[in-house]
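Chemist: So I've got this file, target13.cif, and it contains mmCIF, C-alpha atoms:
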```
data_data
#
loop_
_atom_site.group_PDB
_atom_site.id
_atom_site.type_symbol
_atom_site.label_atom_id
_atom_site.label_comp_id
_atom_site.auth_asym_id
_atom_site.auth_seq_id
_atom_site.Cartn_x
_atom_site.Cartn_y
_atom_site.Cartn_z
ATOM 1 C CA MET A 1 -28.388 -106.602 26.366
ATOM 2 C CA PRO A 2 -25.556 -104.095 27.032
ATOM 3 C CA THR A 3 -23.048 -105.093 29.676
ATOM 4 C CA PRO A 4 -22.786 -102.757 32.693
ATOM 5 C CA LEU A 5 -19.305 -101.270 33.036
ATOM 6 C CA THR A 6 -17.509 -100.082 36.114
ATOM 7 C CA PRO A 7 -17.592 -96.296 36.697
ATOM 8 C CA GLY A 8 -14.055 -95.567 35.541
ATOM 9 C CA ARG A 9 -14.274 -97.592 32.342
ATOM 10 C CA TYR A 10 -17.675 -96.129 31.454
ATOM 11 C CA ARG A 11 -16.467 -92.584 32.104
ATOM 12 C CA GLY A 12 -13.296 -93.343 30.149
ATOM 13 C CA LEU A 13 -15.286 -94.330 27.073
ATOM 14 C CA LYS A 14 -17.623 -91.369 27.524
ATOM 15 C CA SER A 15 -14.761 -88.900 27.740
ATOM 16 C CA THR A 16 -13.132 -90.253 24.565
ATOM 17 C CA SER A 17 -16.299 -90.226 22.429
ATOM 18 C CA LEU A 18 -18.231 -87.464 20.703
ATOM 19 C CA ALA A 19 -20.682 -85.517 22.815
ATOM 20 C CA GLU A 20 -23.499 -86.617 20.531
ATOM 21 C CA GLY A 21 -24.011 -90.231 19.610
ATOM 22 C CA ASP A 22 -21.494 -92.134 21.749
ATOM 23 C CA VAL A 23 -19.151 -92.791 18.828
ATOM 24 C CA PHE A 24 -15.413 -92.214 18.507
ATOM 25 C CA GLY A 25 -13.527 -89.648 16.446
ATOM 26 C CA ILE A 26 -10.025 -89.959 17.858
ATOM 27 C CA ILE A 27 -6.738 -88.553 16.557
ATOM 28 C CA ALA A 28 -3.742 -90.873 16.872
ATOM 29 C CA PHE A 29 -0.234 -89.478 17.200
ATOM 30 C CA ASP A 30 1.603 -92.044 19.313
ATOM 31 C CA GLN A 31 4.232 -92.861 16.688
ATOM 32 C CA ARG A 32 7.810 -92.899 17.938
ATOM 33 C CA GLY A 33 10.195 -94.850 15.698
ATOM 34 C CA SER A 34 8.238 -94.154 12.512
ATOM 35 C CA TYR A 35 7.782 -90.525 13.584
ATOM 36 C CA ARG A 36 11.515 -90.046 13.947
ATOM 37 C CA LYS A 37 11.961 -91.417 10.411
ATOM 38 C CA MET A 38 9.492 -88.811 9.127
ATOM 39 C CA MET A 39 11.649 -86.011 10.520
ATOM 40 C CA PRO A 40 15.170 -84.785 9.644
ATOM 41 C CA ALA A 41 17.851 -87.131 10.945
ATOM 42 C CA ASP A 42 19.304 -84.401 13.174
ATOM 43 C CA ALA A 43 15.960 -83.363 14.706
ATOM 44 C CA SER A 44 16.322 -83.027 18.482
ATOM 45 C CA TYR A 45 14.047 -84.494 21.115
ATOM 46 C CA GLU A 46 12.780 -80.978 21.800
ATOM 47 C CA THR A 47 11.863 -80.494 18.142
ATOM 48 C CA LEU A 48 10.034 -83.822 17.947
ATOM 49 C CA ALA A 49 8.083 -83.028 21.119
ATOM 50 C CA GLN A 50 7.270 -79.502 19.914
ATOM 51 C CA VAL A 51 5.960 -80.647 16.532
ATOM 52 C CA LYS A 52 3.811 -83.259 18.232
ATOM 53 C CA ASP A 53 2.554 -80.555 20.594
ATOM 54 C CA GLU A 54 1.562 -78.297 17.688
ATOM 55 C CA ILE A 55 -0.259 -81.023 15.749
ATOM 56 C CA ILE A 56 -2.115 -82.396 18.753
ATOM 57 C CA GLY A 57 -2.958 -78.933 20.020
ATOM 58 C CA ALA A 58 -4.616 -77.960 16.739
ATOM 59 C CA LEU A 59 -6.576 -81.172 16.217
ATOM 60 C CA SER A 60 -7.668 -81.627 19.834
ATOM 61 C CA LYS A 61 -10.056 -78.719 19.325
ATOM 62 C CA ASP A 62 -12.348 -80.995 17.299
ATOM 63 C CA ALA A 63 -11.386 -84.616 18.024
ATOM 64 C CA SER A 64 -13.281 -86.613 20.615
ATOM 65 C CA ALA A 65 -9.925 -87.705 22.052
ATOM 66 C CA ILE A 66 -6.191 -87.767 21.410
ATOM 67 C CA LEU A 67 -3.935 -90.820 21.493
ATOM 68 C CA THR A 68 -0.294 -90.067 22.191
ATOM 69 C CA ASP A 69 2.783 -91.634 23.758
ATOM 70 C CA PRO A 70 4.855 -91.074 26.905
ATOM 71 C CA THR A 71 8.109 -90.454 24.993
ATOM 72 C CA TYR A 72 7.245 -87.330 23.020
ATOM 73 C CA GLY A 73 3.667 -86.639 24.028
ATOM 74 C CA LEU A 74 3.659 -85.369 27.614
ATOM 75 C CA GLY A 75 3.813 -81.697 26.706
ATOM 76 C CA ALA A 76 1.091 -82.132 24.101
ATOM 77 C CA ALA A 77 -1.092 -84.021 26.585
ATOM 78 C CA MET A 78 -0.726 -81.234 29.122
ATOM 79 C CA ARG A 79 -1.522 -78.447 26.644
ATOM 80 C CA MET A 80 -4.169 -80.036 24.399
ATOM 81 C CA SER A 81 -7.767 -78.877 24.445
ATOM 82 C CA PRO A 82 -9.628 -79.899 27.603
ATOM 83 C CA LYS A 83 -12.589 -80.835 25.365
ATOM 84 C CA SER A 84 -10.735 -83.962 24.202
ATOM 85 C CA GLY A 85 -10.208 -87.148 26.139
ATOM 86 C CA LEU A 86 -6.706 -88.595 26.420
ATOM 87 C CA LEU A 87 -5.421 -92.078 25.579
ATOM 88 C CA LEU A 88 -1.831 -93.078 26.277
ATOM 89 C CA ALA A 89 0.033 -95.911 24.564
ATOM 90 C CA LEU A 90 1.410 -98.725 26.711
ATOM 91 C CA GLU A 91 3.588 -100.756 24.327
ATOM 92 C CA LYS A 92 7.190 -100.288 23.270
ATOM 93 C CA SER A 93 7.646 -99.048 19.707
ATOM 94 C CA GLY A 94 8.495 -101.827 17.249
ATOM 95 C CA TYR A 95 8.878 -105.515 18.024
ATOM 96 C CA SER A 96 11.435 -108.152 18.920
ATOM 97 C CA GLY A 97 12.036 -111.231 16.789
ATOM 98 C CA ASP A 98 12.133 -111.267 12.997
ATOM 99 C CA SER A 99 9.547 -109.970 10.520
ATOM 100 C CA SER A 100 7.589 -113.233 10.516
ATOM 101 C CA TYR A 101 7.743 -113.807 14.295
ATOM 102 C CA ARG A 102 6.868 -110.508 15.943
ATOM 103 C CA LYS A 103 6.744 -110.182 19.714
ATOM 104 C CA THR A 104 5.260 -107.111 21.371
ATOM 105 C CA GLU A 105 6.953 -105.686 24.444
ATOM 106 C CA LEU A 106 5.870 -103.239 27.122
ATOM 107 C CA ILE A 107 7.687 -99.987 27.850
ATOM 108 C CA PRO A 108 9.821 -100.510 30.942
ATOM 109 C CA SER A 109 8.666 -98.546 33.992
ATOM 110 C CA TRP A 110 5.399 -97.536 32.276
ATOM 111 C CA THR A 111 2.161 -99.002 33.633
ATOM 112 C CA PRO A 112 -1.623 -98.515 33.632
ATOM 113 C CA GLU A 113 -1.245 -97.176 37.170
ATOM 114 C CA LYS A 114 1.020 -94.390 35.892
ATOM 115 C CA ILE A 115 -1.322 -93.764 32.961
ATOM 116 C CA ARG A 116 -4.217 -93.330 35.380
ATOM 117 C CA LYS A 117 -2.131 -91.022 37.595
ATOM 118 C CA ALA A 118 -1.145 -88.971 34.531
ATOM 119 C CA GLY A 119 -4.830 -88.169 33.986
ATOM 120 C CA ALA A 120 -5.567 -90.290 30.935
ATOM 121 C CA SER A 121 -9.061 -91.531 30.125
ATOM 122 C CA ALA A 122 -7.971 -94.833 28.549
ATOM 123 C CA VAL A 123 -5.048 -97.047 27.558
ATOM 124 C CA LYS A 124 -4.076 -98.088 24.041
ATOM 125 C CA PHE A 125 -2.152 -101.314 23.588
ATOM 126 C CA MET A 126 -0.860 -102.363 20.164
ATOM 127 C CA VAL A 127 0.096 -106.005 19.685
ATOM 128 C CA TYR A 128 1.448 -107.768 16.609
ATOM 129 C CA TYR A 129 -0.870 -110.709 16.027
ATOM 130 C CA HIS A 130 -1.637 -113.392 13.477
ATOM 131 C CA PRO A 131 -4.229 -116.039 14.397
ATOM 132 C CA GLY A 132 -2.206 -118.662 12.553
ATOM 133 C CA SER A 133 1.016 -118.134 14.487
ATOM 134 C CA GLY A 134 0.379 -120.988 16.925
ATOM 135 C CA ALA A 135 2.258 -120.726 20.209
ATOM 136 C CA LEU A 136 3.097 -117.070 19.556
ATOM 137 C CA ALA A 137 -0.614 -116.244 19.182
ATOM 138 C CA ASP A 138 -1.291 -118.001 22.484
ATOM 139 C CA GLU A 139 1.546 -116.089 24.136
ATOM 140 C CA SER A 140 0.220 -112.790 22.747
ATOM 141 C CA GLU A 141 -3.272 -113.528 24.038
ATOM 142 C CA GLN A 142 -1.867 -114.231 27.496
ATOM 143 C CA LEU A 143 -0.027 -110.903 27.395
ATOM 144 C CA ILE A 144 -3.224 -109.130 26.341
ATOM 145 C CA ARG A 145 -5.185 -110.658 29.198
ATOM 146 C CA ARG A 146 -2.492 -109.574 31.627
ATOM 147 C CA VAL A 147 -2.614 -106.023 30.256
ATOM 148 C CA VAL A 148 -6.428 -106.046 30.435
ATOM 149 C CA ALA A 149 -6.290 -107.081 34.094
ATOM 150 C CA ASP A 150 -3.764 -104.336 34.884
ATOM 151 C CA CYS A 151 -5.900 -101.688 33.138
ATOM 152 C CA HIS A 152 -9.110 -102.821 34.812
ATOM 153 C CA GLN A 153 -7.426 -102.861 38.202
ATOM 154 C CA TRP A 154 -7.123 -99.086 37.747
ATOM 155 C CA ASP A 155 -10.595 -98.902 36.184
ATOM 156 C CA LEU A 156 -9.229 -97.794 32.810
ATOM 157 C CA PRO A 157 -10.762 -98.966 29.533
ATOM 158 C CA LEU A 158 -8.393 -100.621 27.082
ATOM 159 C CA PHE A 159 -8.368 -99.952 23.338
ATOM 160 C CA LEU A 160 -6.593 -102.983 21.856
ATOM 161 C CA GLU A 161 -4.872 -102.570 18.479
ATOM 162 C CA PRO A 162 -3.942 -105.880 16.810
ATOM 163 C CA MET A 163 -1.558 -105.375 13.914
ATOM 164 C CA SER A 164 -1.402 -108.143 11.320
ATOM 165 C CA TYR A 165 1.739 -109.327 9.558
ATOM 166 C CA SER A 166 2.871 -112.040 7.179
ATOM 167 C CA LEU A 167 4.051 -115.354 8.602
ATOM 168 C CA ASP A 168 6.201 -115.858 5.500
ATOM 169 C CA ALA A 169 9.263 -113.609 5.364
ATOM 170 C CA ALA A 170 9.165 -113.889 1.568
ATOM 171 C CA VAL A 171 5.610 -112.490 1.404
ATOM 172 C CA SER A 172 5.287 -108.774 2.090
ATOM 173 C CA LYS A 173 2.254 -107.408 3.891
ATOM 174 C CA ASP A 174 1.845 -105.071 0.908
ATOM 175 C CA SER A 175 1.720 -107.956 -1.573
ATOM 176 C CA ALA A 176 -1.203 -109.449 -3.467
ATOM 177 C CA ASP A 177 -0.629 -112.760 -1.684
ATOM 178 C CA PHE A 178 -1.119 -111.225 1.746
ATOM 179 C CA ALA A 179 -4.017 -109.098 0.488
ATOM 180 C CA ALA A 180 -5.842 -112.316 -0.432
ATOM 181 C CA GLU A 181 -5.690 -113.617 3.147
ATOM 182 C CA ARG A 182 -6.054 -110.264 4.870
ATOM 183 C CA PRO A 183 -9.875 -110.289 5.323
ATOM 184 C CA SER A 184 -9.858 -113.680 7.030
ATOM 185 C CA VAL A 185 -6.868 -112.710 9.193
ATOM 186 C CA VAL A 186 -8.423 -109.419 10.335
ATOM 187 C CA ILE A 187 -11.863 -110.902 10.971
ATOM 188 C CA GLU A 188 -10.558 -113.927 12.868
ATOM 189 C CA THR A 189 -8.323 -111.625 14.899
ATOM 190 C CA ALA A 190 -11.361 -109.565 15.889
ATOM 191 C CA ARG A 191 -13.237 -112.728 16.832
ATOM 192 C CA ARG A 192 -10.474 -113.990 19.107
ATOM 193 C CA LEU A 193 -9.135 -110.807 20.660
ATOM 194 C CA SER A 194 -12.508 -109.212 21.345
ATOM 195 C CA ARG A 195 -12.991 -111.969 23.911
ATOM 196 C CA THR A 196 -9.841 -111.216 25.908
ATOM 197 C CA GLY A 197 -11.522 -108.562 28.050
ATOM 198 C CA ALA A 198 -10.423 -105.522 26.022
ATOM 199 C CA ASP A 199 -13.083 -102.811 25.983
ATOM 200 C CA ALA A 200 -12.689 -101.780 22.323
ATOM 201 C CA LEU A 201 -10.686 -102.835 19.283
ATOM 202 C CA LYS A 202 -8.697 -100.560 17.001
ATOM 203 C CA MET A 203 -8.807 -102.535 13.755
ATOM 204 C CA GLU A 204 -7.188 -102.469 10.342
ATOM 205 C CA PHE A 205 -9.433 -102.187 7.311
ATOM 206 C CA PRO A 206 -10.138 -105.809 6.347
ATOM 207 C CA HIS A 207 -9.230 -105.277 2.678
ATOM 208 C CA ASP A 208 -6.127 -103.883 1.056
ATOM 209 C CA ILE A 209 -7.838 -101.446 -1.285
ATOM 210 C CA GLU A 210 -4.878 -101.469 -3.683
ATOM 211 C CA PHE A 211 -5.881 -105.025 -4.610
ATOM 212 C CA SER A 212 -9.587 -104.913 -3.720
ATOM 213 C CA PRO A 213 -11.198 -101.712 -5.052
ATOM 214 C CA ASP A 214 -14.823 -102.888 -4.757
ATOM 215 C CA PRO A 215 -16.762 -100.942 -2.074
ATOM 216 C CA ALA A 216 -19.355 -103.724 -1.884
ATOM 217 C CA ALA A 217 -16.614 -106.158 -0.847
ATOM 218 C CA TRP A 218 -15.374 -103.635 1.720
ATOM 219 C CA ARG A 219 -18.805 -103.315 3.314
ATOM 220 C CA LYS A 220 -19.299 -107.075 3.354
ATOM 221 C CA ALA A 221 -15.967 -107.655 5.094
ATOM 222 C CA CYS A 222 -16.592 -104.831 7.578
ATOM 223 C CA ALA A 223 -20.010 -106.298 8.385
ATOM 224 C CA GLU A 224 -18.379 -109.687 8.976
ATOM 225 C CA LEU A 225 -15.824 -108.018 11.246
ATOM 226 C CA SER A 226 -18.643 -106.355 13.197
ATOM 227 C CA GLU A 227 -20.435 -109.675 13.525
ATOM 228 C CA ALA A 228 -17.254 -111.354 14.766
ATOM 229 C CA ALA A 229 -16.339 -108.672 17.305
ATOM 230 C CA ALA A 230 -17.849 -108.961 20.778
ATOM 231 C CA VAL A 231 -16.894 -105.352 21.618
ATOM 232 C CA PRO A 232 -16.987 -102.017 19.761
ATOM 233 C CA TRP A 233 -14.359 -101.467 17.095
ATOM 234 C CA VAL A 234 -12.872 -98.386 15.493
ATOM 235 C CA LEU A 235 -10.948 -98.073 12.245
ATOM 236 C CA LEU A 236 -7.261 -97.134 12.104
ATOM 237 C CA SER A 237 -5.764 -95.384 9.098
ATOM 238 C CA ALA A 238 -2.458 -97.310 8.728
ATOM 239 C CA GLY A 239 -0.775 -94.346 7.081
ATOM 240 C CA VAL A 240 -2.921 -94.263 3.927
ATOM 241 C CA ASP A 241 -3.760 -90.956 2.279
ATOM 242 C CA PHE A 242 -6.896 -89.126 3.335
ATOM 243 C CA ASP A 243 -8.621 -89.703 -0.011
ATOM 244 C CA GLN A 244 -8.195 -93.444 0.539
ATOM 245 C CA PHE A 245 -9.128 -93.382 4.207
ATOM 246 C CA LYS A 246 -12.361 -91.406 3.930
ATOM 247 C CA PRO A 247 -14.272 -94.079 1.925
ATOM 248 C CA GLN A 248 -12.899 -96.727 4.285
ATOM 249 C CA VAL A 249 -14.388 -94.853 7.240
ATOM 250 C CA GLN A 250 -17.690 -94.554 5.379
ATOM 251 C CA ALA A 251 -17.809 -98.293 4.640
ATOM 252 C CA ALA A 252 -16.714 -99.272 8.147
ATOM 253 C CA CYS A 253 -19.169 -97.007 9.988
ATOM 254 C CA GLU A 254 -22.062 -98.027 7.736
ATOM 255 C CA SER A 255 -21.176 -101.659 8.511
ATOM 256 C CA GLY A 256 -20.964 -101.539 12.291
ATOM 257 C CA ALA A 257 -17.796 -99.713 13.325
ATOM 258 C CA SER A 258 -18.082 -97.262 16.219
ATOM 259 C CA GLY A 259 -15.927 -94.598 14.591
ATOM 260 C CA PHE A 260 -12.239 -94.128 13.864
ATOM 261 C CA LEU A 261 -8.930 -93.764 15.675
ATOM 262 C CA ALA A 262 -6.623 -92.408 13.007
ATOM 263 C CA GLY A 263 -3.593 -90.218 12.548
ATOM 264 C CA ARG A 264 -1.398 -89.901 9.488
ATOM 265 C CA ALA A 265 -4.281 -89.779 6.996
ATOM 266 C CA ILE A 266 -5.188 -86.497 8.685
ATOM 267 C CA TRP A 267 -1.927 -84.845 9.729
ATOM 268 C CA LYS A 268 1.100 -86.555 8.149
ATOM 269 C CA GLU A 269 2.070 -83.734 5.747
ATOM 270 C CA ALA A 270 2.333 -81.319 8.688
ATOM 271 C CA ALA A 271 5.201 -83.085 10.430
ATOM 272 C CA ALA A 272 7.956 -81.953 8.046
ATOM 273 C CA MET A 273 6.596 -78.448 7.350
ATOM 274 C CA SER A 274 7.957 -75.174 8.629
ATOM 275 C CA PRO A 275 6.143 -73.874 11.742
ATOM 276 C CA ALA A 276 4.198 -71.282 9.739
ATOM 277 C CA ASN A 277 3.163 -73.692 6.994
ATOM 278 C CA ARG A 278 2.327 -76.317 9.598
ATOM 279 C CA ALA A 279 0.036 -73.964 11.475
ATOM 280 C CA ASP A 280 -1.787 -73.030 8.259
ATOM 281 C CA PHE A 281 -2.115 -76.658 7.142
ATOM 282 C CA LEU A 282 -3.422 -77.799 10.532
ATOM 283 C CA GLU A 283 -5.912 -74.985 10.879
ATOM 284 C CA ASN A 284 -7.338 -75.484 7.410
ATOM 285 C CA GLU A 285 -6.619 -78.745 5.579
ATOM 286 C CA ALA A 286 -6.137 -81.096 8.546
ATOM 287 C CA ARG A 287 -9.079 -79.777 10.563
ATOM 288 C CA GLU A 288 -11.282 -79.974 7.452
ATOM 289 C CA ARG A 289 -10.281 -83.606 6.930
ATOM 290 C CA LEU A 290 -11.084 -84.329 10.554
ATOM 291 C CA ARG A 291 -14.470 -82.605 10.312
ATOM 292 C CA GLN A 292 -15.401 -84.708 7.296
ATOM 293 C CA LEU A 293 -14.556 -87.921 9.145
ATOM 294 C CA LEU A 294 -16.368 -86.750 12.282
ATOM 295 C CA ASN A 295 -19.476 -86.078 10.212
ATOM 296 C CA ILE A 296 -19.366 -89.623 8.827
ATOM 297 C CA ALA A 297 -18.946 -91.121 12.287
ATOM 298 C CA ALA A 298 -21.709 -89.011 13.783
ATOM 299 C CA ALA A 299 -24.135 -89.965 11.006
ATOM 300 C CA ALA A 300 -23.305 -93.630 10.460
ATOM 301 C CA ALA A 301 -21.236 -95.218 13.251
ATOM 302 C CA ARG A 302 -22.670 -97.677 15.758
ATOM 303 C CA PRO A 303 -22.812 -96.288 19.319
ATOM 304 C CA TRP A 304 -20.561 -98.089 21.766
ATOM 305 C CA THR A 305 -23.487 -97.936 24.192
ATOM 306 C CA ASP A 306 -25.020 -100.764 22.170
ATOM 307 C CA PHE A 307 -22.414 -102.872 23.962
ATOM 308 C CA TYR A 308 -22.107 -101.181 27.355
ATOM 309 C CA SER A 309 -24.348 -99.506 29.903
ATOM 310 C CA ALA A 310 -23.570 -97.287 32.883
ATOM 311 C CA PRO A 311 -23.181 -98.932 36.287
ATOM 312 C CA GLN A 312 -26.280 -99.039 38.472
ATOM 313 C CA SER A 313 -26.380 -96.443 41.224
ATOM 314 C CA SER A 314 -27.385 -97.005 44.834
ATOM 315 C CA ALA A 315 -26.894 -95.208 48.122
ATOM 316 C CA THR A 316 -23.993 -97.502 48.994
ATOM 317 C CA TRP A 317 -22.418 -98.301 45.601
ATOM 318 C CA TYR A 318 -19.052 -96.912 46.693
ATOM 319 C CA GLU A 319 -18.712 -99.398 49.534
ATOM 320 C CA ALA A 320 -18.209 -102.306 47.142
ATOM 321 C CA TYR A 321 -16.347 -100.264 44.513
ATOM 322 C CA ALA A 322 -12.867 -101.726 44.189
#
```
Translate the structure described by the file into structure tokens.
Modeler:
Amino acid sequence: MPTPLTPGRYRGLKSTSLAEGDVFGIIAFDQRGSYRKMMPADASYETLAQVKDEIIGALSKDASAILTDPTYGLGAAMRMSPKSGLLLALEKSGYSGDSSYRKTELIPSWTPEKIRKAGASAVKFMVYYHPGSGALADESEQLIRRVVADCHQWDLPLFLEPMSYSLDAAVSKDSADFAAERPSVVIETARRLSRTGADALKMEFPHDIEFSPDPAAWRKACAELSEAAAVPWVLLSAGVDFDQFKPQVQAACESGASGFLAGRAIWKEAAAMSPANRADFLENEARERLRQLLNIAAAAARPWTDFYSAPQSSATWYEAYA
């Protein structure tokens, strides 16, 4: 039985999903630190904001929503297509601690209240998380619950993005050793964090396809992730190439995902191009990539309305609305 949502959270999910099917096809461009590394070292703030504006402006014509950040994304958010919903990121870029003990921090002076006032439809919160990290996992879950409460106070839905990492500094996340544990880490993360009150999860693909090329194994792991998750989940692209990401989206949506929330697989080549080449790439190659992914989501993804229903109306509903 779907759970009734409050009006703002239901409308937030509606305004970030495709008009047909109640599934998500969202473009992510909330990178800050990694985005700066993609650009020339002497690129100005104005250049970084302008490039983000151009990429978001082009892709917002087709995407169900855009995810961006408060640092470089305000101009883009103000000028993007009104057909797309808007998500704004809440967390600070990067992490504190070392590579095997990653703590997520919030952006100072940036809150769900301000995100609501800025006109966004939803909040995105990325947290570094490993279910085996003991006290740090507990601390992260407490932070998530606090963020959930703050978002829901302003009747904003929260898209929670848990990002896995290795607990052993000698074992890279890109290694075969981590790839072997990745499915269990991702699935257990979905099990735990989908019960924190977040409205949707933005999840990594449960396999590292460099070490696990079997599509049958992908679908099995995605189905297990869907079974573990108590809320809708969407697939992130994690910077892989489009040709790698497209079959991941197919496997995920056919196995219970509610769409995708992805960025660099679609637009990453555009960032360092000249304005003219960027415009041509976005209008043709990037929009074609996006259309292909949207078609997969529309045909195969699980509607988020399987999980949530609209609030019940009455003549006096607004009197109790908090």
Chemist: Smallest atom-to-atom distance to Ala271 (chain A): which of A:Phe178, A:Val234, A:Ala286, A:Asp306, using all atoms listed in the file?
Modeler: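 Ranking A:Phe178, A:Val234, A:Ala286, A:Asp306 by distance to Ala271 (chain A), first place goes to A:Ala286.
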Chemist: Using 10 Å as the limit and counting all atoms listed in the file, can you tabulate each residue of region 153-225 of chain A that touches region 112-134 of chain A, with its shortest atom-to-atom distance in Å and the two atoms involved, as a Markdown table?
Modeler:
```
| residue | atom | partner | partner_atom | distance |
| --- | --- | --- | --- | --- |
| A:Gln153 | CA | A:Glu113 | CA | 8.5 |
| A:Trp154 | CA | A:Glu113 | CA | 6.2 |
| A:Asp155 | CA | A:Arg116 | CA | 8.5 |
| A:Leu156 | CA | A:Ala122 | CA | 5.3 |
| A:Pro157 | CA | A:Ala122 | CA | 5.1 |
| A:Leu158 | CA | A:Val123 | CA | 4.9 |
| A:Phe159 | CA | A:Lys124 | CA | 4.7 |
| A:Leu160 | CA | A:Phe125 | CA | 5.1 |
| A:Glu161 | CA | A:Met126 | CA | 4.4 |
| A:Pro162 | CA | A:Val127 | CA | 5.0 |
| A:Met163 | CA | A:Tyr128 | CA | 4.7 |
| A:Ser164 | CA | A:Tyr129 | CA | 5.4 |
| A:Tyr165 | CA | A:His130 | CA | 6.6 |
| A:Ser166 | CA | A:His130 | CA | 7.9 |
| A:Leu167 | CA | A:Ser133 | CA | 7.2 |
| A:Ser184 | CA | A:Pro131 | CA | 9.6 |
| A:Val185 | CA | A:Pro131 | CA | 6.7 |
| A:Val186 | CA | A:His130 | CA | 8.5 |
| A:Ile187 | CA | A:Pro131 | CA | 9.8 |
| A:Glu188 | CA | A:Pro131 | CA | 6.8 |
| A:Thr189 | CA | A:Pro131 | CA | 6.0 |
| A:Ala190 | CA | A:Pro131 | CA | 9.7 |
| A:Arg191 | CA | A:Pro131 | CA | 9.9 |
| A:Arg192 | CA | A:Pro131 | CA | 8.1 |
| A:Leu193 | CA | A:Tyr129 | CA | 9.5 |
| A:Ala198 | CA | A:Phe125 | CA | 9.6 |
| A:Asp199 | CA | A:Ala122 | CA | 9.8 |
| A:Ala200 | CA | A:Lys124 | CA | 9.5 |
| A:Leu201 | CA | A:Lys124 | CA | 9.4 |
| A:Lys202 | CA | A:Met126 | CA | 8.6 |
```
Chemist: Determine, counting all atoms listed in the file, every residue of protein, DNA or RNA that lies within 7 Å of (-5.5, -109.3, -0.9) in the file coordinates, then give the result as a PyMOL selection string.
Modeler: chain A and resi 176-182+207-208+211-212
Chemist: Could you write out as AutoDock Vina command-line options the box around region 141-149 of chain A (axis-aligned, all atoms listed in the file, 6 Å on each side), with centre and edge lengths in Å to one decimal?
Modeler:
```
--center_x -3.2 --center_y -110.1 --center_z 29.1 --size_x 18.4 --size_y 20.2 --size_z 22.1
```
Chemist: Write out as a CSV table (one decimal) with C-alpha atoms, in the coordinates of the input each polymer residue whose atoms come within 12 Å of Lys220 (chain A), counting only C-alpha atoms; drop sequence neighbours fewer than 2 positions from it.
Modeler:
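Below is the file that was written, around.csv:
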```csv
chain,number,residue,atom,x,y,z
A,183,PRO,CA,-9.9,-110.3,5.3
A,187,ILE,CA,-11.9,-110.9,11.0
A,205,PHE,CA,-9.4,-102.2,7.3
A,206,PRO,CA,-10.1,-105.8,6.3
A,207,HIS,CA,-9.2,-105.3,2.7
A,214,ASP,CA,-14.8,-102.9,-4.8
A,215,PRO,CA,-16.8,-100.9,-2.1
A,216,ALA,CA,-19.4,-103.7,-1.9
A,217,ALA,CA,-16.6,-106.2,-0.8
A,218,TRP,CA,-15.4,-103.6,1.7
A,222,CYS,CA,-16.6,-104.8,7.6
A,223,ALA,CA,-20.0,-106.3,8.4
A,224,GLU,CA,-18.4,-109.7,9.0
A,225,LEU,CA,-15.8,-108.0,11.2
A,226,SER,CA,-18.6,-106.4,13.2
A,227,GLU,CA,-20.4,-109.7,13.5
A,251,ALA,CA,-17.8,-98.3,4.6
A,252,ALA,CA,-16.7,-99.3,8.1
A,254,GLU,CA,-22.1,-98.0,7.7
A,255,SER,CA,-21.2,-101.7,8.5
A,256,GLY,CA,-21.0,-101.5,12.3
```
Chemist: Quote the spacing between CA of Thr6 (chain A) and CA of Trp317 (chain A) in Å to one decimal place.
Modeler: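 Computed distance, CA of Thr6 (chain A) to CA of Trp317 (chain A), equals 10.8 Å.
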